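final_26.cif (mmCIF, N, CA and C atoms)
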data_target
#
loop_
_atom_site.label_atom_id
_atom_site.label_comp_id
_atom_site.auth_asym_id
_atom_site.auth_seq_id
_atom_site.Cartn_x
_atom_site.Cartn_y
_atom_site.Cartn_z
N MET L 206 13.11 -9.85 9.40
CA MET L 206 14.03 -8.75 9.58
C MET L 206 15.12 -8.84 8.51
N SER L 207 15.87 -7.80 8.36
CA SER L 207 16.86 -7.76 7.29
C SER L 207 18.20 -8.31 7.74
N THR L 208 18.98 -8.75 6.75
CA THR L 208 20.35 -9.11 7.00
C THR L 208 21.21 -8.02 6.41
N SER L 209 22.52 -8.11 6.55
CA SER L 209 23.39 -7.04 6.06
C SER L 209 23.27 -6.81 4.56
N GLY L 210 22.90 -7.84 3.77
CA GLY L 210 22.81 -7.69 2.33
C GLY L 210 21.41 -7.39 1.82
N THR L 211 20.42 -7.32 2.68
CA THR L 211 19.06 -7.09 2.23
C THR L 211 18.36 -6.03 3.07
N ALA L 212 17.35 -5.45 2.48
CA ALA L 212 16.42 -4.58 3.22
C ALA L 212 15.18 -5.42 3.50
N SER L 213 14.34 -4.97 4.42
CA SER L 213 13.08 -5.65 4.68
C SER L 213 11.96 -4.62 4.69
N VAL L 214 10.73 -5.11 4.42
CA VAL L 214 9.58 -4.24 4.28
C VAL L 214 8.40 -4.79 5.08
N SER L 215 7.67 -3.88 5.71
CA SER L 215 6.39 -4.22 6.33
C SER L 215 5.43 -3.07 6.06
N THR L 216 4.14 -3.34 6.21
CA THR L 216 3.14 -2.30 5.96
C THR L 216 1.90 -2.58 6.78
N HIS L 217 1.09 -1.57 6.94
CA HIS L 217 -0.26 -1.75 7.45
C HIS L 217 -1.13 -0.64 6.89
N ILE L 218 -2.46 -0.85 6.96
CA ILE L 218 -3.41 0.10 6.39
C ILE L 218 -4.42 0.51 7.45
N LEU L 219 -4.62 1.81 7.57
CA LEU L 219 -5.66 2.36 8.43
C LEU L 219 -6.68 3.05 7.55
N ASP L 220 -7.93 2.65 7.65
CA ASP L 220 -9.03 3.30 6.93
C ASP L 220 -9.43 4.52 7.75
N THR L 221 -8.98 5.69 7.32
CA THR L 221 -9.22 6.91 8.10
C THR L 221 -10.66 7.39 8.04
N SER L 222 -11.45 6.85 7.11
CA SER L 222 -12.86 7.24 7.04
C SER L 222 -13.67 6.65 8.18
N VAL L 223 -13.18 5.57 8.76
CA VAL L 223 -13.87 4.96 9.90
C VAL L 223 -12.96 4.81 11.12
N GLY L 224 -11.69 5.18 10.98
CA GLY L 224 -10.77 5.11 12.11
C GLY L 224 -10.43 3.70 12.54
N ARG L 225 -10.39 2.78 11.59
CA ARG L 225 -10.11 1.37 11.90
C ARG L 225 -9.14 0.78 10.88
N PRO L 226 -8.49 -0.32 11.26
CA PRO L 226 -7.62 -1.01 10.30
C PRO L 226 -8.43 -1.52 9.11
N ALA L 227 -7.80 -1.58 7.96
CA ALA L 227 -8.43 -2.10 6.75
C ALA L 227 -8.02 -3.56 6.58
N ALA L 228 -8.93 -4.46 6.89
CA ALA L 228 -8.67 -5.89 6.79
C ALA L 228 -9.04 -6.41 5.41
N GLY L 229 -8.32 -7.43 4.95
CA GLY L 229 -8.65 -8.11 3.71
C GLY L 229 -8.20 -7.41 2.44
N VAL L 230 -7.22 -6.52 2.53
CA VAL L 230 -6.71 -5.83 1.35
C VAL L 230 -5.52 -6.62 0.79
N ALA L 231 -5.59 -6.96 -0.48
CA ALA L 231 -4.47 -7.66 -1.13
C ALA L 231 -3.34 -6.67 -1.36
N VAL L 232 -2.11 -7.12 -1.04
CA VAL L 232 -0.91 -6.30 -1.21
C VAL L 232 0.11 -7.12 -1.98
N ARG L 233 0.63 -6.54 -3.09
CA ARG L 233 1.67 -7.21 -3.87
C ARG L 233 2.99 -6.47 -3.65
N LEU L 234 4.07 -7.22 -3.60
CA LEU L 234 5.41 -6.68 -3.40
C LEU L 234 6.27 -6.98 -4.62
N SER L 235 6.93 -5.94 -5.13
CA SER L 235 7.84 -6.09 -6.27
C SER L 235 9.14 -5.37 -5.95
N ALA L 236 10.22 -5.77 -6.65
CA ALA L 236 11.53 -5.17 -6.39
C ALA L 236 12.29 -4.98 -7.69
N ARG L 237 13.21 -4.01 -7.67
CA ARG L 237 14.19 -3.81 -8.75
C ARG L 237 15.55 -3.76 -8.08
N SER L 238 16.56 -4.15 -8.82
CA SER L 238 17.90 -4.21 -8.26
C SER L 238 18.92 -3.57 -9.18
N GLY L 239 20.03 -3.18 -8.60
CA GLY L 239 21.18 -2.75 -9.37
C GLY L 239 21.26 -1.27 -9.62
N ARG L 240 22.42 -0.89 -10.08
CA ARG L 240 22.74 0.51 -10.33
C ARG L 240 21.82 1.12 -11.38
N ASP L 241 21.40 0.33 -12.37
CA ASP L 241 20.55 0.84 -13.44
C ASP L 241 19.08 0.47 -13.24
N ALA L 242 18.65 0.35 -11.98
CA ALA L 242 17.29 -0.08 -11.70
C ALA L 242 16.26 1.03 -11.91
N ARG L 243 16.70 2.25 -12.01
CA ARG L 243 15.74 3.34 -12.20
C ARG L 243 14.96 3.14 -13.49
N GLN L 244 13.72 3.57 -13.48
CA GLN L 244 12.82 3.35 -14.62
C GLN L 244 13.41 3.86 -15.93
N GLU L 245 14.06 5.01 -15.93
CA GLU L 245 14.57 5.56 -17.18
C GLU L 245 15.68 4.70 -17.77
N HIS L 246 16.24 3.80 -16.98
CA HIS L 246 17.27 2.89 -17.47
C HIS L 246 16.68 1.51 -17.80
N GLY L 247 15.36 1.41 -17.78
CA GLY L 247 14.71 0.17 -18.19
C GLY L 247 14.70 -0.93 -17.14
N GLY L 248 14.94 -0.59 -15.88
CA GLY L 248 14.90 -1.60 -14.83
C GLY L 248 13.54 -2.26 -14.77
N ASP L 249 13.52 -3.57 -14.74
CA ASP L 249 12.26 -4.31 -14.71
C ASP L 249 11.91 -4.71 -13.28
N TRP L 250 10.64 -4.66 -12.98
CA TRP L 250 10.15 -5.09 -11.67
C TRP L 250 10.10 -6.61 -11.60
N GLN L 251 10.54 -7.14 -10.48
CA GLN L 251 10.44 -8.58 -10.20
C GLN L 251 9.32 -8.76 -9.19
N ALA L 252 8.25 -9.43 -9.58
CA ALA L 252 7.15 -9.72 -8.66
C ALA L 252 7.64 -10.74 -7.64
N LEU L 253 7.49 -10.40 -6.37
CA LEU L 253 7.97 -11.29 -5.30
C LEU L 253 6.84 -12.06 -4.63
N GLY L 254 5.62 -11.63 -4.82
CA GLY L 254 4.49 -12.27 -4.17
C GLY L 254 3.69 -11.24 -3.40
N GLY L 255 2.88 -11.71 -2.49
CA GLY L 255 2.04 -10.77 -1.78
C GLY L 255 1.47 -11.35 -0.52
N SER L 256 0.50 -10.62 0.00
CA SER L 256 -0.14 -10.98 1.24
C SER L 256 -1.50 -10.31 1.26
N VAL L 257 -2.22 -10.52 2.33
CA VAL L 257 -3.51 -9.86 2.56
C VAL L 257 -3.49 -9.33 3.98
N THR L 258 -3.99 -8.10 4.15
CA THR L 258 -3.98 -7.52 5.50
C THR L 258 -4.88 -8.32 6.44
N ASP L 259 -4.42 -8.46 7.67
CA ASP L 259 -5.18 -9.19 8.69
C ASP L 259 -6.18 -8.25 9.36
N ALA L 260 -6.82 -8.71 10.43
CA ALA L 260 -7.84 -7.92 11.13
C ALA L 260 -7.27 -6.62 11.70
N ASP L 261 -5.96 -6.58 11.92
CA ASP L 261 -5.30 -5.38 12.43
C ASP L 261 -4.77 -4.51 11.28
N GLY L 262 -5.09 -4.87 10.02
CA GLY L 262 -4.66 -4.10 8.87
C GLY L 262 -3.20 -4.32 8.49
N ARG L 263 -2.57 -5.36 9.05
CA ARG L 263 -1.15 -5.60 8.83
C ARG L 263 -0.89 -6.79 7.93
N CYS L 264 0.20 -6.70 7.18
CA CYS L 264 0.72 -7.82 6.39
C CYS L 264 1.93 -8.35 7.15
N LYS L 265 1.78 -9.49 7.76
CA LYS L 265 2.88 -10.04 8.57
C LYS L 265 3.74 -11.04 7.81
N ASP L 266 3.38 -11.33 6.56
CA ASP L 266 4.10 -12.37 5.84
C ASP L 266 4.50 -11.93 4.43
N LEU L 267 4.92 -10.68 4.27
CA LEU L 267 5.41 -10.24 2.96
C LEU L 267 6.70 -11.00 2.64
N PRO L 268 6.92 -11.30 1.38
CA PRO L 268 8.14 -12.03 0.99
C PRO L 268 9.40 -11.22 1.30
N ALA L 269 10.49 -11.93 1.47
CA ALA L 269 11.78 -11.28 1.67
C ALA L 269 12.25 -10.64 0.37
N LEU L 270 13.02 -9.57 0.50
CA LEU L 270 13.58 -8.91 -0.67
C LEU L 270 14.87 -9.62 -1.09
N PRO L 271 15.10 -9.72 -2.38
CA PRO L 271 16.36 -10.32 -2.84
C PRO L 271 17.55 -9.41 -2.48
N GLU L 272 18.68 -10.02 -2.31
CA GLU L 272 19.90 -9.25 -2.07
C GLU L 272 20.13 -8.31 -3.23
N GLY L 273 20.55 -7.10 -2.95
CA GLY L 273 20.82 -6.11 -3.98
C GLY L 273 19.63 -5.26 -4.38
N THR L 274 18.47 -5.46 -3.74
CA THR L 274 17.29 -4.66 -4.07
C THR L 274 17.57 -3.19 -3.80
N THR L 275 17.21 -2.33 -4.75
CA THR L 275 17.39 -0.89 -4.59
C THR L 275 16.08 -0.12 -4.59
N HIS L 276 15.03 -0.69 -5.20
CA HIS L 276 13.72 -0.05 -5.26
C HIS L 276 12.65 -1.09 -4.96
N VAL L 277 11.62 -0.65 -4.24
CA VAL L 277 10.53 -1.54 -3.86
C VAL L 277 9.21 -0.89 -4.26
N ARG L 278 8.26 -1.71 -4.66
CA ARG L 278 6.91 -1.22 -4.95
C ARG L 278 5.91 -2.07 -4.21
N LEU L 279 5.01 -1.40 -3.49
CA LEU L 279 3.87 -2.04 -2.85
C LEU L 279 2.63 -1.64 -3.63
N ASP L 280 1.86 -2.62 -4.08
CA ASP L 280 0.61 -2.38 -4.79
C ASP L 280 -0.54 -2.84 -3.91
N PHE L 281 -1.42 -1.91 -3.56
CA PHE L 281 -2.56 -2.17 -2.69
C PHE L 281 -3.83 -2.20 -3.53
N ALA L 282 -4.58 -3.30 -3.52
CA ALA L 282 -5.83 -3.44 -4.26
C ALA L 282 -6.97 -2.98 -3.36
N VAL L 283 -7.22 -1.67 -3.31
CA VAL L 283 -8.15 -1.12 -2.33
C VAL L 283 -9.59 -1.08 -2.80
N GLU L 284 -9.84 -1.14 -4.11
CA GLU L 284 -11.21 -1.06 -4.60
C GLU L 284 -12.08 -2.18 -4.04
N ALA L 285 -11.57 -3.40 -4.05
CA ALA L 285 -12.35 -4.53 -3.53
C ALA L 285 -12.66 -4.36 -2.05
N TYR L 286 -11.71 -3.80 -1.31
CA TYR L 286 -11.95 -3.53 0.12
C TYR L 286 -13.14 -2.59 0.29
N PHE L 287 -13.15 -1.49 -0.46
CA PHE L 287 -14.24 -0.53 -0.32
C PHE L 287 -15.56 -1.08 -0.85
N GLU L 288 -15.52 -1.91 -1.86
CA GLU L 288 -16.76 -2.53 -2.35
C GLU L 288 -17.35 -3.45 -1.28
N ARG L 289 -16.49 -4.20 -0.59
CA ARG L 289 -16.97 -5.09 0.47
C ARG L 289 -17.56 -4.32 1.64
N SER L 290 -17.02 -3.16 1.89
CA SER L 290 -17.46 -2.40 3.06
C SER L 290 -18.27 -1.17 2.68
N GLU L 291 -18.90 -1.20 1.48
CA GLU L 291 -19.64 -0.04 0.98
C GLU L 291 -20.73 0.42 1.94
N LYS L 292 -21.49 -0.50 2.50
CA LYS L 292 -22.56 -0.14 3.43
C LYS L 292 -21.98 0.55 4.65
N LYS L 293 -20.91 -0.02 5.21
CA LYS L 293 -20.27 0.60 6.37
C LYS L 293 -19.73 1.98 6.02
N GLN L 294 -19.14 2.11 4.83
CA GLN L 294 -18.59 3.39 4.40
C GLN L 294 -19.70 4.43 4.27
N ALA L 295 -20.82 4.06 3.68
CA ALA L 295 -21.92 5.01 3.50
C ALA L 295 -22.43 5.48 4.86
N ASP L 296 -22.57 4.56 5.80
CA ASP L 296 -23.01 4.94 7.14
C ASP L 296 -22.02 5.87 7.82
N ALA L 297 -20.73 5.59 7.64
CA ALA L 297 -19.69 6.39 8.29
C ALA L 297 -19.54 7.76 7.66
N GLN L 298 -19.99 7.91 6.42
CA GLN L 298 -19.79 9.17 5.69
C GLN L 298 -21.10 9.89 5.42
N GLN L 299 -21.99 9.91 6.37
CA GLN L 299 -23.28 10.55 6.15
C GLN L 299 -23.14 12.00 5.72
N ASP L 300 -22.11 12.66 6.16
CA ASP L 300 -21.92 14.07 5.83
C ASP L 300 -20.90 14.28 4.71
N ALA L 301 -20.55 13.22 3.98
CA ALA L 301 -19.56 13.33 2.91
C ALA L 301 -20.11 14.16 1.77
N PRO L 302 -19.25 14.67 0.90
CA PRO L 302 -19.71 15.46 -0.24
C PRO L 302 -20.70 14.70 -1.10
N ALA L 303 -21.49 15.45 -1.83
CA ALA L 303 -22.57 14.87 -2.63
C ALA L 303 -22.09 14.00 -3.78
N ASN L 304 -20.78 14.01 -4.11
CA ASN L 304 -20.35 13.20 -5.25
C ASN L 304 -20.62 11.72 -5.05
N ARG L 305 -20.88 11.29 -3.83
CA ARG L 305 -21.24 9.90 -3.61
C ARG L 305 -22.53 9.57 -4.34
N ASP L 306 -23.42 10.57 -4.49
CA ASP L 306 -24.71 10.34 -5.13
C ASP L 306 -24.76 10.89 -6.55
N SER L 307 -23.66 11.39 -7.08
CA SER L 307 -23.68 12.05 -8.37
C SER L 307 -23.31 11.12 -9.53
N GLY L 308 -23.26 9.83 -9.30
CA GLY L 308 -22.87 8.91 -10.35
C GLY L 308 -21.38 8.66 -10.40
N ALA L 309 -20.61 9.35 -9.56
CA ALA L 309 -19.17 9.14 -9.50
C ALA L 309 -18.89 7.79 -8.86
N PRO L 310 -17.75 7.19 -9.19
CA PRO L 310 -17.41 5.91 -8.56
C PRO L 310 -17.30 6.06 -7.04
N ALA L 311 -17.62 4.99 -6.34
CA ALA L 311 -17.54 5.02 -4.87
C ALA L 311 -16.10 5.14 -4.40
N VAL L 312 -15.15 4.73 -5.22
CA VAL L 312 -13.74 4.80 -4.86
C VAL L 312 -12.99 5.56 -5.96
N PHE L 313 -12.36 6.64 -5.61
CA PHE L 313 -11.63 7.44 -6.59
C PHE L 313 -10.31 6.79 -6.98
N PHE L 314 -9.62 6.18 -6.01
CA PHE L 314 -8.36 5.49 -6.26
C PHE L 314 -8.57 3.99 -6.08
N PRO L 315 -8.80 3.23 -7.15
CA PRO L 315 -9.04 1.80 -7.01
C PRO L 315 -7.79 1.01 -6.63
N GLU L 316 -6.63 1.57 -6.94
CA GLU L 316 -5.35 0.94 -6.60
C GLU L 316 -4.42 2.01 -6.07
N VAL L 317 -3.54 1.60 -5.19
CA VAL L 317 -2.50 2.50 -4.70
C VAL L 317 -1.17 1.80 -4.91
N ALA L 318 -0.26 2.45 -5.62
CA ALA L 318 1.08 1.90 -5.85
C ALA L 318 2.09 2.85 -5.22
N ILE L 319 2.87 2.32 -4.31
CA ILE L 319 3.88 3.11 -3.61
C ILE L 319 5.25 2.56 -3.98
N THR L 320 6.11 3.43 -4.49
CA THR L 320 7.47 3.04 -4.88
C THR L 320 8.45 3.81 -4.03
N PHE L 321 9.47 3.12 -3.50
CA PHE L 321 10.46 3.78 -2.66
C PHE L 321 11.82 3.10 -2.80
N ALA L 322 12.86 3.86 -2.48
CA ALA L 322 14.23 3.36 -2.56
C ALA L 322 14.63 2.76 -1.22
N VAL L 323 15.46 1.72 -1.27
CA VAL L 323 15.92 1.06 -0.05
C VAL L 323 17.44 0.87 -0.11
N VAL L 324 18.02 0.70 1.06
CA VAL L 324 19.43 0.37 1.18
C VAL L 324 19.56 -0.91 2.01
N PRO L 325 20.59 -1.71 1.75
CA PRO L 325 20.77 -2.96 2.47
C PRO L 325 20.83 -2.76 3.98
N GLY L 326 20.25 -3.70 4.70
CA GLY L 326 20.33 -3.70 6.15
C GLY L 326 19.29 -2.86 6.86
N GLU L 327 18.52 -2.08 6.13
CA GLU L 327 17.50 -1.22 6.73
C GLU L 327 16.13 -1.91 6.68
N HIS L 328 15.28 -1.58 7.67
CA HIS L 328 13.89 -2.03 7.65
C HIS L 328 13.02 -0.84 7.27
N TYR L 329 12.05 -1.08 6.40
CA TYR L 329 11.15 -0.03 5.92
C TYR L 329 9.72 -0.42 6.26
N HIS L 330 9.11 0.35 7.16
CA HIS L 330 7.70 0.16 7.48
C HIS L 330 6.94 1.28 6.79
N VAL L 331 6.00 0.92 5.91
CA VAL L 331 5.31 1.90 5.08
C VAL L 331 3.81 1.81 5.32
N PRO L 332 3.29 2.60 6.28
CA PRO L 332 1.85 2.61 6.53
C PRO L 332 1.09 3.36 5.44
N LEU L 333 -0.12 2.90 5.15
CA LEU L 333 -1.02 3.55 4.20
C LEU L 333 -2.23 4.04 4.98
N LEU L 334 -2.47 5.34 4.95
CA LEU L 334 -3.67 5.95 5.52
C LEU L 334 -4.64 6.14 4.36
N LEU L 335 -5.81 5.53 4.45
CA LEU L 335 -6.68 5.36 3.29
C LEU L 335 -8.09 5.83 3.57
N ASN L 336 -8.71 6.44 2.56
CA ASN L 336 -10.16 6.68 2.56
C ASN L 336 -10.62 6.61 1.10
N PRO L 337 -11.92 6.60 0.84
CA PRO L 337 -12.37 6.40 -0.54
C PRO L 337 -11.92 7.48 -1.53
N PHE L 338 -11.54 8.65 -1.05
CA PHE L 338 -11.20 9.74 -1.95
C PHE L 338 -9.78 10.25 -1.79
N GLY L 339 -8.94 9.52 -1.06
CA GLY L 339 -7.58 9.96 -0.90
C GLY L 339 -6.77 8.97 -0.08
N TYR L 340 -5.45 9.19 -0.07
CA TYR L 340 -4.56 8.36 0.72
C TYR L 340 -3.29 9.13 1.02
N SER L 341 -2.56 8.63 2.01
CA SER L 341 -1.28 9.21 2.40
C SER L 341 -0.39 8.06 2.88
N VAL L 342 0.90 8.19 2.64
CA VAL L 342 1.84 7.19 3.10
C VAL L 342 3.03 7.90 3.74
N TYR L 343 3.77 7.18 4.54
CA TYR L 343 4.98 7.72 5.15
C TYR L 343 5.89 6.57 5.55
N ARG L 344 7.14 6.89 5.81
CA ARG L 344 8.05 5.86 6.34
C ARG L 344 7.86 5.83 7.85
N GLY L 345 7.35 4.73 8.33
CA GLY L 345 7.12 4.56 9.75
C GLY L 345 8.33 3.93 10.41
N SER L 346 8.09 3.43 11.60
CA SER L 346 9.20 2.78 12.33
C SER L 346 8.75 1.42 12.84
#
Rewritten as structure tokens:
Amino acid sequence: MSTSGTASVSTHILDTSVGRPAAGVAVRLSARSGRDARQEHGGDWQALGGSVTDADGRCKDLPALPEGTTHVRLDFAVEAYFERSEKKQADAQQDAPANRDSGAPAVFFPEVAITFAVVPGEHYHVPLLLNPFGYSVYRGS
């Protein structure tokens, strides 16, 4: 949880193509700090570490954010997840569009990077709703 000088972050992933949590997805956490942290001012990302989603699709051990963090980035390595579960995905998507058989990659978005602003003392839960051809995120509770 957060202290007065820090924000905290949690996430989980739901594979909407099968209606189940996405287990085994690597998630990296990075942060930027300070008034000039915006990209146009050259703010550099500080890699804080990462985690892997558990059987419930949750990362319960993401690193703490440094004091003064103003921007956070979560990087989800989803391609490996879909490669591991390709057989299950094909079975679940029997009626999916024909692009699965047209030589197109099995995963349109191999990585998902979510960047958001934070304020000290707040908790940010950022769920990822995922399928091989799209994703959606929101600030949860």
Q | Result set of the PyMOL selection byres ((chain L and resi 220) around 8) on the coordinates above, as a PyMOL selection string | A | chain L and resi 217-219+221-228+262+333-337
Can you spit out the residues from that selection as a PDB file, in the frame of the given file, using N, CA and C atoms?
ATOM      1  N   HIS L 217       1.090  -1.570   6.940  1.00  0.00           N
ATOM      2  CA  HIS L 217      -0.260  -1.750   7.450  1.00  0.00           C
ATOM      3  C   HIS L 217      -1.130  -0.640   6.890  1.00  0.00           C
ATOM      4  N   ILE L 218      -2.460  -0.850   6.960  1.00  0.00           N
ATOM      5  CA  ILE L 218      -3.410   0.100   6.390  1.00  0.00           C
ATOM      6  C   ILE L 218      -4.420   0.510   7.450  1.00  0.00           C
ATOM      7  N   LEU L 219      -4.620   1.810   7.570  1.00  0.00           N
ATOM      8  CA  LEU L 219      -5.660   2.360   8.430  1.00  0.00           C
ATOM      9  C   LEU L 219      -6.680   3.050   7.550  1.00  0.00           C
ATOM     10  N   THR L 221      -8.980   5.690   7.320  1.00  0.00           N
ATOM     11  CA  THR L 221      -9.220   6.910   8.100  1.00  0.00           C
ATOM     12  C   THR L 221     -10.660   7.390   8.040  1.00  0.00           C
ATOM     13  N   SER L 222     -11.450   6.850   7.110  1.00  0.00           N
ATOM     14  CA  SER L 222     -12.860   7.240   7.040  1.00  0.00           C
ATOM     15  C   SER L 222     -13.670   6.650   8.180  1.00  0.00           C
ATOM     16  N   VAL L 223     -13.180   5.570   8.760  1.00  0.00           N
ATOM     17  CA  VAL L 223     -13.870   4.960   9.900  1.00  0.00           C
ATOM     18  C   VAL L 223     -12.960   4.810  11.120  1.00  0.00           C
ATOM     19  N   GLY L 224     -11.690   5.180  10.980  1.00  0.00           N
ATOM     20  CA  GLY L 224     -10.770   5.110  12.110  1.00  0.00           C
ATOM     21  C   GLY L 224     -10.430   3.700  12.540  1.00  0.00           C
ATOM     22  N   ARG L 225     -10.390   2.780  11.590  1.00  0.00           N
ATOM     23  CA  ARG L 225     -10.110   1.370  11.900  1.00  0.00           C
ATOM     24  C   ARG L 225      -9.140   0.780  10.880  1.00  0.00           C
ATOM     25  N   PRO L 226      -8.490  -0.320  11.260  1.00  0.00           N
ATOM     26  CA  PRO L 226      -7.620  -1.010  10.300  1.00  0.00           C
ATOM     27  C   PRO L 226      -8.430  -1.520   9.110  1.00  0.00           C
ATOM     28  N   ALA L 227      -7.800  -1.580   7.960  1.00  0.00           N
ATOM     29  CA  ALA L 227      -8.430  -2.100   6.750  1.00  0.00           C
ATOM     30  C   ALA L 227      -8.020  -3.560   6.580  1.00  0.00           C
ATOM     31  N   ALA L 228      -8.930  -4.460   6.890  1.00  0.00           N
ATOM     32  CA  ALA L 228      -8.670  -5.890   6.790  1.00  0.00           C
ATOM     33  C   ALA L 228      -9.040  -6.410   5.410  1.00  0.00           C
ATOM     34  N   GLY L 262      -5.090  -4.870  10.020  1.00  0.00           N
ATOM     35  CA  GLY L 262      -4.660  -4.100   8.870  1.00  0.00           C
ATOM     36  C   GLY L 262      -3.200  -4.320   8.490  1.00  0.00           C
ATOM     37  N   LEU L 333      -0.120   2.900   5.150  1.00  0.00           N
ATOM     38  CA  LEU L 333      -1.020   3.550   4.200  1.00  0.00           C
ATOM     39  C   LEU L 333      -2.230   4.040   4.980  1.00  0.00           C
ATOM     40  N   LEU L 334      -2.470   5.340   4.950  1.00  0.00           N
ATOM     41  CA  LEU L 334      -3.670   5.950   5.520  1.00  0.00           C
ATOM     42  C   LEU L 334      -4.640   6.140   4.360  1.00  0.00           C
ATOM     43  N   LEU L 335      -5.810   5.530   4.450  1.00  0.00           N
ATOM     44  CA  LEU L 335      -6.680   5.360   3.290  1.00  0.00           C
ATOM     45  C   LEU L 335      -8.090   5.830   3.570  1.00  0.00           C
ATOM     46  N   ASN L 336      -8.710   6.440   2.560  1.00  0.00           N
ATOM     47  CA  ASN L 336     -10.160   6.680   2.560  1.00  0.00           C
ATOM     48  C   ASN L 336     -10.620   6.610   1.100  1.00  0.00           C
ATOM     49  N   PRO L 337     -11.920   6.600   0.840  1.00  0.00           N
ATOM     50  CA  PRO L 337     -12.370   6.400  -0.540  1.00  0.00           C
ATOM     51  C   PRO L 337     -11.920   7.480  -1.530  1.00  0.00           C
TER      52      PRO L 337
END
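Comparing the minimum interatomic distances between Phe314 of chain L and each of L:Arg289, L:Glu284, L:Val342, L:Asp259, counting all atoms listed in the file, we find that L:Glu284 sits nearest.
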Q.
Running the PyMOL selection byres ((chain L and resi 346) around 8) on this model by hand, what would come out? Give it as number ranges by chain.
A. L: 328-332, 343-345
Q) When distances are computed from only C-alpha atoms, which of L:Trp250, L:Leu267, L:Asp261, L:Val317 shows the smallest separation from Asp280 of chain L? A) L:Val317
Give the centre and edge lengths of an axis-aligned box, in Å to one decimal, that holds all listed atoms of segment 323-328 of chain L with 6 Å on each side, as JSON.
{"center_x": 16.9, "center_y": -1.0, "center_z": 3.2, "size_x": 19.8, "size_y": 17.4, "size_z": 20.9}
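Here atom CA of Val214 of chain L is placed at a distance of 8.2 Å from atom N of Ala269 of chain L.
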(Q) I'd like to see the residues matched by the PyMOL selection byres ((chain L and resi 286) around 8) on this file, and ideally I'd get them as a ChimeraX atom specification. (A) /L:227-231,282-285,287-291
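Counting only C-alpha atoms and comparing L:Ser238, L:Tyr340, L:Pro315, L:Leu253, the residue that lies closest to Leu279 of chain L is L:Leu253.
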Q) atom N of Arg233 of chain L and atom CA of Gly339 of chain L, how far apart in Å? A)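 Calculated distance between atom CA of Gly339 of chain L and atom N of Arg233 of chain L is 18.6 Å.
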Q: From a DSSP pass on the backbone, collect the residues of segment 245-294 of chain L flagged as helix (DSSP H, G or I) and hand them back as a ChimeraX atom specification.
A: /L:245-246,283-289,291-294
Go ahead and save the residues from that selection, with N, CA and C atoms, as a compact mmCIF listing (two decimals), in the coordinates of the input.
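Written out: selection-v2.txt:
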# COMPACT_ATOMS: atom_id res chain seq x y z
N GLU L 245 14.06 5.01 -15.93
CA GLU L 245 14.57 5.56 -17.18
C GLU L 245 15.68 4.70 -17.77
N HIS L 246 16.24 3.80 -16.98
CA HIS L 246 17.27 2.89 -17.47
C HIS L 246 16.68 1.51 -17.80
N VAL L 283 -7.22 -1.67 -3.31
CA VAL L 283 -8.15 -1.12 -2.33
C VAL L 283 -9.59 -1.08 -2.80
N GLU L 284 -9.84 -1.14 -4.11
CA GLU L 284 -11.21 -1.06 -4.60
C GLU L 284 -12.08 -2.18 -4.04
N ALA L 285 -11.57 -3.40 -4.05
CA ALA L 285 -12.35 -4.53 -3.53
C ALA L 285 -12.66 -4.36 -2.05
N TYR L 286 -11.71 -3.80 -1.31
CA TYR L 286 -11.95 -3.53 0.12
C TYR L 286 -13.14 -2.59 0.29
N PHE L 287 -13.15 -1.49 -0.46
CA PHE L 287 -14.24 -0.53 -0.32
C PHE L 287 -15.56 -1.08 -0.85
N GLU L 288 -15.52 -1.91 -1.86
CA GLU L 288 -16.76 -2.53 -2.35
C GLU L 288 -17.35 -3.45 -1.28
N ARG L 289 -16.49 -4.20 -0.59
CA ARG L 289 -16.97 -5.09 0.47
C ARG L 289 -17.56 -4.32 1.64
N GLU L 291 -18.90 -1.20 1.48
CA GLU L 291 -19.64 -0.04 0.98
C GLU L 291 -20.73 0.42 1.94
N LYS L 292 -21.49 -0.50 2.50
CA LYS L 292 -22.56 -0.14 3.43
C LYS L 292 -21.98 0.55 4.65
N LYS L 293 -20.91 -0.02 5.21
CA LYS L 293 -20.27 0.60 6.37
C LYS L 293 -19.73 1.98 6.02
N GLN L 294 -19.14 2.11 4.83
CA GLN L 294 -18.59 3.39 4.40
C GLN L 294 -19.70 4.43 4.27
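Distances to Thr216 of chain L were evaluated for L:Val324, L:Cys264, L:Thr258, L:Ala252 using all atoms listed in the file, and the minimum falls at L:Cys264.
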Q. Any idea what the distance is between atom N of Leu234 of chain L and atom CA of Gly255 of chain L?
A. 4.5 Å
As a PDB file, in the coordinates of the input, could you write out segment 270-274 of chain L once it has been completed with N, CA, C and O atoms?
ATOM      1  N   LEU L 270      13.020  -9.570   0.500  1.00  0.00           N
ATOM      2  CA  LEU L 270      13.580  -8.910  -0.670  1.00  0.00           C
ATOM      3  C   LEU L 270      14.870  -9.620  -1.090  1.00  0.00           C
ATOM      4  O   LEU L 270      15.649 -10.034  -0.232  1.00  0.00           O
ATOM      5  N   PRO L 271      15.100  -9.720  -2.380  1.00  0.00           N
ATOM      6  CA  PRO L 271      16.360 -10.320  -2.840  1.00  0.00           C
ATOM      7  C   PRO L 271      17.550  -9.410  -2.480  1.00  0.00           C
ATOM      8  O   PRO L 271      17.405  -8.187  -2.400  1.00  0.00           O
ATOM      9  N   GLU L 272      18.680 -10.020  -2.310  1.00  0.00           N
ATOM     10  CA  GLU L 272      19.900  -9.250  -2.070  1.00  0.00           C
ATOM     11  C   GLU L 272      20.130  -8.310  -3.230  1.00  0.00           C
ATOM     12  O   GLU L 272      19.917  -8.660  -4.392  1.00  0.00           O
ATOM     13  N   GLY L 273      20.550  -7.100  -2.950  1.00  0.00           N
ATOM     14  CA  GLY L 273      20.820  -6.110  -3.980  1.00  0.00           C
ATOM     15  C   GLY L 273      19.630  -5.260  -4.380  1.00  0.00           C
ATOM     16  O   GLY L 273      19.742  -4.404  -5.251  1.00  0.00           O
ATOM     17  N   THR L 274      18.470  -5.460  -3.740  1.00  0.00           N
ATOM     18  CA  THR L 274      17.290  -4.660  -4.070  1.00  0.00           C
ATOM     19  C   THR L 274      17.570  -3.190  -3.800  1.00  0.00           C
ATOM     20  O   THR L 274      18.100  -2.830  -2.751  1.00  0.00           O
TER      21      THR L 274
END
